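Structure first, then comments.
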Amino acid sequence: MGEKSEAFIISKEESGDSSFVVTFYCKFHGKIDLFVKSARISKKRFQGKLENGNIYNIEFVKAKKVGSLDSLIGIQIHEDNKFVEFDSDVNIYRSIILETIDKFEIDNQPNENVFNIFKYFNLNIYTKSKAKKIKIIIKSLNQYLKLLGIQPAIKRCYKCKKEMVNIKFFDLKNGGSVCSRCKSKDNSSIIVLKKMINNKKLANDVNQLEILLLLISRFCEYHSGKIFNSVKYLV
Ligand SMILES: [Zn+2]
């Protein structure tokens with residue numbers, strides 16, 4: 001018998017004609033790569049069960065040879081999933097949170113909070129309101145960045161902590177929203193917004209929420225040192 005865990009899929013890659021290497025995030029094992037032998041052929045076992053929008057119960061066995069991947073031997077959809085229709089916005093937002101987790105996490109370093117952030121995202125993202133969806137992805141990213149110890153300032157200046165009515169400058173390197181007084185002279189990591197974000201109107205304004213999501217996604221890219229594929233779909 002193998003090891004069992006709740007898990008979600010971060011990414012998957014084909015390996016040979018019919019197999020996959022799937023990167024999972026497991027509640028108790030962290031980020032791991034598992035070999036899924038003959039995934040295309042073993043339809044009963046794996047078909048429709050290797051999608052990145054679900055929480056699963058998985059079972060895997062340790063590799064016999066050093067340096068080989070552990071193998072997935074069982075996968076079942078977790079009862080906590082919601083089954084809903086295709087939603088292109090949800091797909092983009094999900095890609096952003098998954099890519100963020102992928103770029104920051106180190107293999108085999110479990111943190112139950114990471115698992116729970118994705119679970120929160122997945123259980124709450126399916127709503128009709130676009131504003132609400134964007135708020136869910138922003139909240140999920142913020143919680144994750146907080147876990148990493150790099151949560152950006154949004155409604156207050158990162159430096160003087162003054163509450164701001166409008167966000168005009170967003171410093172990717174030094175901590176997020178910044179007022180014109182505290183703004184560093186070195187502009188290289190500062191995004192200057194053409195249209196300011198009004199913090200009082202933000203909650204119900206889809207356009208402004210989209211801009212804020214883009215800023216936070218850019219912040220994730222900056223601090224991971226990597227460009228995300230998913231972020232280009234935001235603009
Ligand atoms: Zn300030």
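In the structure tokens, the first chain shown is A, the next is B, and so on; residue numbers restart at 1 for each chain, and ligands run from 1 in the order shown.
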Chain A near ligand 1 within 6 Å: what's each residue's closest atom pair and its distance in Å to one decimal, counting only C-alpha atoms and all ligand atoms, ordered by chain then ascending residue number, as a Markdown table?
```
| residue | atom | partner | partner_atom_place_in_ligand_line | distance |
| --- | --- | --- | --- | --- |
| A:Cys157 | CA | ligand 1 | 1 (Zn) | 4.6 |
| A:Lys159 | CA | ligand 1 | 1 (Zn) | 5.0 |
| A:Cys160 | CA | ligand 1 | 1 (Zn) | 4.0 |
| A:Lys162 | CA | ligand 1 | 1 (Zn) | 5.9 |
| A:Val178 | CA | ligand 1 | 1 (Zn) | 5.5 |
| A:Cys179 | CA | ligand 1 | 1 (Zn) | 4.3 |
| A:Arg181 | CA | ligand 1 | 1 (Zn) | 5.7 |
| A:Cys182 | CA | ligand 1 | 1 (Zn) | 4.3 |
```
Filtering to N, CA and C atoms, could you give me those residues as a PDB file, in the first residue's frame?
```
ATOM      1  N   CYS A 157       0.321  53.195   2.391  1.00  0.00           N
ATOM      2  CA  CYS A 157       1.691  53.322   1.880  1.00  0.00           C
ATOM      3  C   CYS A 157       2.577  52.337   2.636  1.00  0.00           C
ATOM      4  N   LYS A 159       5.536  52.445   3.318  1.00  0.00           N
ATOM      5  CA  LYS A 159       6.603  53.062   4.115  1.00  0.00           C
ATOM      6  C   LYS A 159       6.075  53.841   5.319  1.00  0.00           C
ATOM      7  N   CYS A 160       5.229  54.832   5.077  1.00  0.00           N
ATOM      8  CA  CYS A 160       4.756  55.665   6.196  1.00  0.00           C
ATOM      9  C   CYS A 160       3.451  55.131   6.779  1.00  0.00           C
ATOM     10  N   LYS A 162       0.555  55.454   5.939  1.00  0.00           N
ATOM     11  CA  LYS A 162      -0.595  56.348   5.812  1.00  0.00           C
ATOM     12  C   LYS A 162      -1.654  55.713   4.902  1.00  0.00           C
ATOM     13  N   VAL A 178       2.640  52.952  -2.577  1.00  0.00           N
ATOM     14  CA  VAL A 178       3.516  53.939  -1.928  1.00  0.00           C
ATOM     15  C   VAL A 178       2.980  55.341  -2.252  1.00  0.00           C
ATOM     16  N   CYS A 179       3.068  56.232  -1.263  1.00  0.00           N
ATOM     17  CA  CYS A 179       2.568  57.594  -1.496  1.00  0.00           C
ATOM     18  C   CYS A 179       3.636  58.409  -2.230  1.00  0.00           C
ATOM     19  N   ARG A 181       5.126  61.062  -1.462  1.00  0.00           N
ATOM     20  CA  ARG A 181       6.208  61.536  -0.590  1.00  0.00           C
ATOM     21  C   ARG A 181       7.276  60.474  -0.356  1.00  0.00           C
ATOM     22  N   CYS A 182       6.809  59.249  -0.130  1.00  0.00           N
ATOM     23  CA  CYS A 182       7.752  58.166   0.227  1.00  0.00           C
ATOM     24  C   CYS A 182       8.363  57.474  -0.983  1.00  0.00           C
TER      25      CYS A 182
END
```
DSSP-assigned strand (DSSP E or B) members of segment 18-203 of chain A, reported as a PyMOL selection string:
chain A and resi 19-26+30-36+55-61+70-77+107+153+156+163+166-171+176-178+190-198
Which of chain A DSSP labels alpha helix (DSSP H), written as an MDAnalysis selection string
chainID A and resid 43:46 88:104 112:124 130:148 206:224
Need to verify the contact set: Gln76 of chain A, 12 Å, only C-alpha atoms, exclusion of same-chain residues closer than 3 positions in sequence. Can you return it as a ChimeraX atom specification?
/A:4-8,44-51,54-59,72-73,79-81
Expected file: the selected residues, C-alpha atoms, as a compact mmCIF listing (two decimals), in the first residue's frame:
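What ended up in selection-v1.txt:
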```txt
# COMPACT_ATOMS: atom_id res chain seq x y z
CA LYS A 4 -2.23 8.73 0.80
CA SER A 5 -2.89 12.44 0.71
CA GLU A 6 -5.31 15.13 -0.28
CA ALA A 7 -3.76 16.99 -3.20
CA PHE A 8 -4.30 19.33 -6.10
CA LYS A 44 -10.75 3.82 -16.09
CA ARG A 45 -8.07 4.71 -13.66
CA PHE A 46 -7.01 8.18 -14.71
CA GLN A 47 -9.19 9.69 -17.45
CA GLY A 48 -10.80 12.97 -16.44
CA LYS A 49 -9.01 12.77 -13.11
CA LEU A 50 -5.85 14.65 -13.97
CA GLU A 51 -7.38 18.11 -14.23
CA ASN A 54 -10.00 19.79 -8.45
CA ILE A 55 -9.05 18.58 -5.02
CA TYR A 56 -8.21 14.88 -5.08
CA ASN A 57 -7.45 12.03 -2.75
CA ILE A 58 -4.34 10.42 -4.18
CA GLU A 59 -2.25 7.38 -3.45
CA LEU A 72 0.75 7.65 -8.72
CA ILE A 73 -1.33 4.50 -8.25
CA GLU A 79 -16.06 15.29 -2.04
CA ASP A 80 -15.38 19.01 -1.44
CA ASN A 81 -15.34 19.87 -5.15
```
Would you mind listing what lies within 8 Å of Ile101 of chain A as a ChimeraX atom specification, with only C-alpha atoms counted and same-chain residues fewer than 3 positions away left out?
/A:10,97-98,104-105,114
The selected residues should be written to file as a PDB file, in the first residue's frame (atoms: C-alpha atoms).
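Wrote it out as part.pdb, contents follow:
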```pdb
ATOM      1  CA  ILE A  10      -0.122  22.255 -10.190  1.00  0.00           C
ATOM      2  CA  ILE A  97      -2.556  30.996  -8.221  1.00  0.00           C
ATOM      3  CA  LEU A  98      -1.148  27.654  -9.410  1.00  0.00           C
ATOM      4  CA  PHE A 104       7.710  29.803  -5.033  1.00  0.00           C
ATOM      5  CA  GLU A 105       7.404  26.320  -3.553  1.00  0.00           C
ATOM      6  CA  VAL A 114      -0.594  26.431   1.145  1.00  0.00           C
TER       7      VAL A 114
END
```
Quick one: residues within 8 Å of segment 129-139 of chain A, only C-alpha atoms counted, chain neighbours fewer than 6 positions away excluded, as a PyMOL selection string?
chain A and resi 90+93-94+97+121+203-206+209-210+213+216
Tell me which protein, DNA and RNA residues are within 12 Å of Leu215 of chain A, counting only C-alpha atoms, leaving out same-chain ones fewer than 3 positions away, and put them as a PyMOL selection string.
chain A and resi 138+141-142+152-154+167-173+175-177+189-193+197+208-212+218-222+231+234-235
Got time to write the residues from that selection, N, CA and C atoms, as a JSON list (two decimals), in the first residue's frame?
```json
[["chain", "number", "residue", "atom", "x", "y", "z"],
["A", 138, "ILE", "N", -7.58, 37.73, -5.55],
["A", 138, "ILE", "CA", -6.69, 38.69, -4.87],
["A", 138, "ILE", "C", -6.46, 38.25, -3.43],
["A", 141, "LEU", "N", -4.09, 35.21, -3.35],
["A", 141, "LEU", "CA", -2.69, 35.59, -3.61],
["A", 141, "LEU", "C", -2.10, 36.32, -2.40],
["A", 142, "ASN", "N", -2.90, 37.22, -1.82],
["A", 142, "ASN", "CA", -2.43, 37.97, -0.65],
["A", 142, "ASN", "C", -2.12, 37.06, 0.52],
["A", 152, "PRO", "N", 2.24, 42.49, -0.14],
["A", 152, "PRO", "CA", 2.37, 43.90, -0.50],
["A", 152, "PRO", "C", 1.35, 44.79, 0.20],
["A", 153, "ALA", "N", 1.74, 46.04, 0.43],
["A", 153, "ALA", "CA", 0.78, 47.03, 0.94],
["A", 153, "ALA", "C", -0.17, 47.38, -0.18],
["A", 154, "ILE", "N", -1.44, 47.57, 0.14],
["A", 154, "ILE", "CA", -2.39, 47.95, -0.90],
["A", 154, "ILE", "C", -3.06, 49.28, -0.56],
["A", 167, "ILE", "N", -4.46, 54.89, -5.20],
["A", 167, "ILE", "CA", -3.16, 54.29, -5.46],
["A", 167, "ILE", "C", -2.69, 54.79, -6.82],
["A", 168, "LYS", "N", -1.55, 55.45, -6.82],
["A", 168, "LYS", "CA", -0.98, 55.92, -8.09],
["A", 168, "LYS", "C", 0.35, 55.22, -8.38],
["A", 169, "PHE", "N", 1.11, 54.94, -7.30],
["A", 169, "PHE", "CA", 2.42, 54.30, -7.46],
["A", 169, "PHE", "C", 2.43, 52.94, -6.76],
["A", 170, "PHE", "N", 2.98, 51.95, -7.44],
["A", 170, "PHE", "CA", 3.06, 50.61, -6.85],
["A", 170, "PHE", "C", 4.50, 50.11, -7.03],
["A", 171, "ASP", "N", 5.19, 49.98, -5.92],
["A", 171, "ASP", "CA", 6.61, 49.63, -5.95],
["A", 171, "ASP", "C", 6.76, 48.11, -5.83],
["A", 172, "LEU", "N", 7.13, 47.46, -6.91],
["A", 172, "LEU", "CA", 7.21, 45.99, -6.93],
["A", 172, "LEU", "C", 8.32, 45.49, -6.01],
["A", 173, "LYS", "N", 9.40, 46.21, -5.97],
["A", 173, "LYS", "CA", 10.56, 45.74, -5.22],
["A", 173, "LYS", "C", 10.39, 45.95, -3.72],
["A", 175, "GLY", "N", 7.61, 46.88, -1.72],
["A", 175, "GLY", "CA", 6.49, 46.56, -0.85],
["A", 175, "GLY", "C", 5.11, 47.01, -1.26],
["A", 176, "GLY", "N", 4.94, 47.42, -2.49],
["A", 176, "GLY", "CA", 3.58, 47.69, -2.95],
["A", 176, "GLY", "C", 3.23, 49.16, -3.00],
["A", 177, "SER", "N", 1.98, 49.48, -2.62],
["A", 177, "SER", "CA", 1.49, 50.86, -2.73],
["A", 177, "SER", "C", 2.40, 51.81, -1.97],
["A", 189, "SER", "N", 11.56, 49.98, -10.25],
["A", 189, "SER", "CA", 10.62, 48.93, -9.88],
["A", 189, "SER", "C", 9.23, 49.49, -9.58],
["A", 190, "ILE", "N", 9.01, 50.74, -9.95],
["A", 190, "ILE", "CA", 7.72, 51.37, -9.64],
["A", 190, "ILE", "C", 6.80, 51.41, -10.86],
["A", 191, "ILE", "N", 5.59, 50.88, -10.68],
["A", 191, "ILE", "CA", 4.58, 51.01, -11.73],
["A", 191, "ILE", "C", 3.79, 52.29, -11.45],
["A", 192, "VAL", "N", 3.72, 53.16, -12.46],
["A", 192, "VAL", "CA", 2.93, 54.38, -12.33],
["A", 192, "VAL", "C", 1.61, 54.15, -13.05],
["A", 193, "LEU", "N", 0.52, 54.23, -12.31],
["A", 193, "LEU", "CA", -0.78, 53.94, -12.92],
["A", 193, "LEU", "C", -1.30, 55.14, -13.70],
["A", 197, "ILE", "N", -6.16, 53.91, -8.82],
["A", 197, "ILE", "CA", -7.15, 53.04, -8.19],
["A", 197, "ILE", "C", -7.71, 53.80, -6.99],
["A", 208, "GLN", "N", -11.17, 48.44, -11.88],
["A", 208, "GLN", "CA", -10.13, 48.76, -10.89],
["A", 208, "GLN", "C", -9.62, 47.49, -10.21],
["A", 209, "LEU", "N", -10.52, 46.56, -9.95],
["A", 209, "LEU", "CA", -10.09, 45.29, -9.35],
["A", 209, "LEU", "C", -9.14, 44.54, -10.28],
["A", 210, "GLU", "N", -9.45, 44.61, -11.59],
["A", 210, "GLU", "CA", -8.58, 43.95, -12.57],
["A", 210, "GLU", "C", -7.18, 44.56, -12.57],
["A", 211, "ILE", "N", -7.13, 45.87, -12.43],
["A", 211, "ILE", "CA", -5.81, 46.53, -12.40],
["A", 211, "ILE", "C", -5.05, 46.12, -11.14],
["A", 212, "LEU", "N", -5.76, 46.07, -10.01],
["A", 212, "LEU", "CA", -5.11, 45.65, -8.76],
["A", 212, "LEU", "C", -4.60, 44.20, -8.87],
["A", 218, "ARG", "N", 2.03, 40.98, -10.99],
["A", 218, "ARG", "CA", 3.38, 41.48, -11.34],
["A", 218, "ARG", "C", 4.30, 41.40, -10.13],
["A", 219, "PHE", "N", 3.74, 41.67, -8.94],
["A", 219, "PHE", "CA", 4.50, 41.58, -7.69],
["A", 219, "PHE", "C", 4.99, 40.14, -7.47],
["A", 220, "CYS", "N", 4.09, 39.18, -7.73],
["A", 220, "CYS", "CA", 4.46, 37.76, -7.61],
["A", 220, "CYS", "C", 5.58, 37.41, -8.59],
["A", 221, "GLU", "N", 5.44, 37.89, -9.82],
["A", 221, "GLU", "CA", 6.48, 37.63, -10.82],
["A", 221, "GLU", "C", 7.82, 38.22, -10.38],
["A", 222, "TYR", "N", 7.76, 39.45, -9.92],
["A", 222, "TYR", "CA", 8.98, 40.17, -9.54],
["A", 222, "TYR", "C", 9.73, 39.41, -8.45],
["A", 231, "VAL", "N", -0.27, 35.46, -16.64],
["A", 231, "VAL", "CA", -0.51, 36.89, -16.41],
["A", 231, "VAL", "C", -0.81, 37.63, -17.71],
["A", 234, "LEU", "N", -4.35, 38.60, -18.52],
["A", 234, "LEU", "CA", -5.05, 39.62, -17.73],
["A", 234, "LEU", "C", -5.13, 40.95, -18.48],
["A", 235, "VAL", "N", -4.17, 41.19, -19.37],
["A", 235, "VAL", "CA", -4.14, 42.51, -20.03],
["A", 235, "VAL", "C", -4.85, 42.53, -21.38]]
```
Do you know which residues are at most 8 Å from Ile96 of chain A counting only C-alpha atoms, after dropping those on the same chain fewer than 3 positions away, and could you put them as a VMD selection string?
chain A and resid 92 to 93 99 to 100 217 228 230 to 231
Atoms kept (C-alpha atoms) for selection, written as a short mmCIF file (atom, residue, chain, number, x, y, z; two decimals), in the first residue's frame:
```
data_model
loop_
_atom_site.label_atom_id
_atom_site.label_comp_id
_atom_site.auth_asym_id
_atom_site.auth_seq_id
_atom_site.Cartn_x
_atom_site.Cartn_y
_atom_site.Cartn_z
CA ILE A 92 -7.09 32.34 -15.85
CA TYR A 93 -7.31 33.12 -12.12
CA GLU A 99 1.76 29.29 -11.20
CA THR A 100 2.50 31.40 -8.13
CA SER A 217 0.45 39.32 -10.20
CA PHE A 228 4.16 33.77 -15.51
CA SER A 230 -1.02 33.18 -17.11
CA VAL A 231 -0.51 36.89 -16.41
#
```
Best match for closeness to Gln109 of chain A among A:Lys155, A:Lys64, A:Ser184, A:Ile32, counting only C-alpha atoms
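With only C-alpha atoms as the atom set, the closest residue is A:Ile32.
Closest to Glu112 of chain A among A:Lys183, A:Tyr144, A:Ser68, A:Leu214 is A:Tyr144, based on only C-alpha atoms.
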Point-to-point distance from atom CA of Ile77 of chain A to atom CA of Asp107 of chain A, Å rounded to tenths:
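We find that atom CA of Ile77 of chain A and atom CA of Asp107 of chain A lie 23.2 Å from each other.
Coordinates place atom CA of Thr127 of chain A at a distance of 24.2 Å from atom CA of Asn198 of chain A.
Taking atom CA of Val165 of chain A as the reference point, atom CA of Lys185 of chain A is found at 22.1 Å.
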Which residue of A:Val21, A:Cys26, A:Met196, A:Ala39 approaches Leu69 of chain A most closely, using only C-alpha atoms
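Closest candidate: A:Val21.
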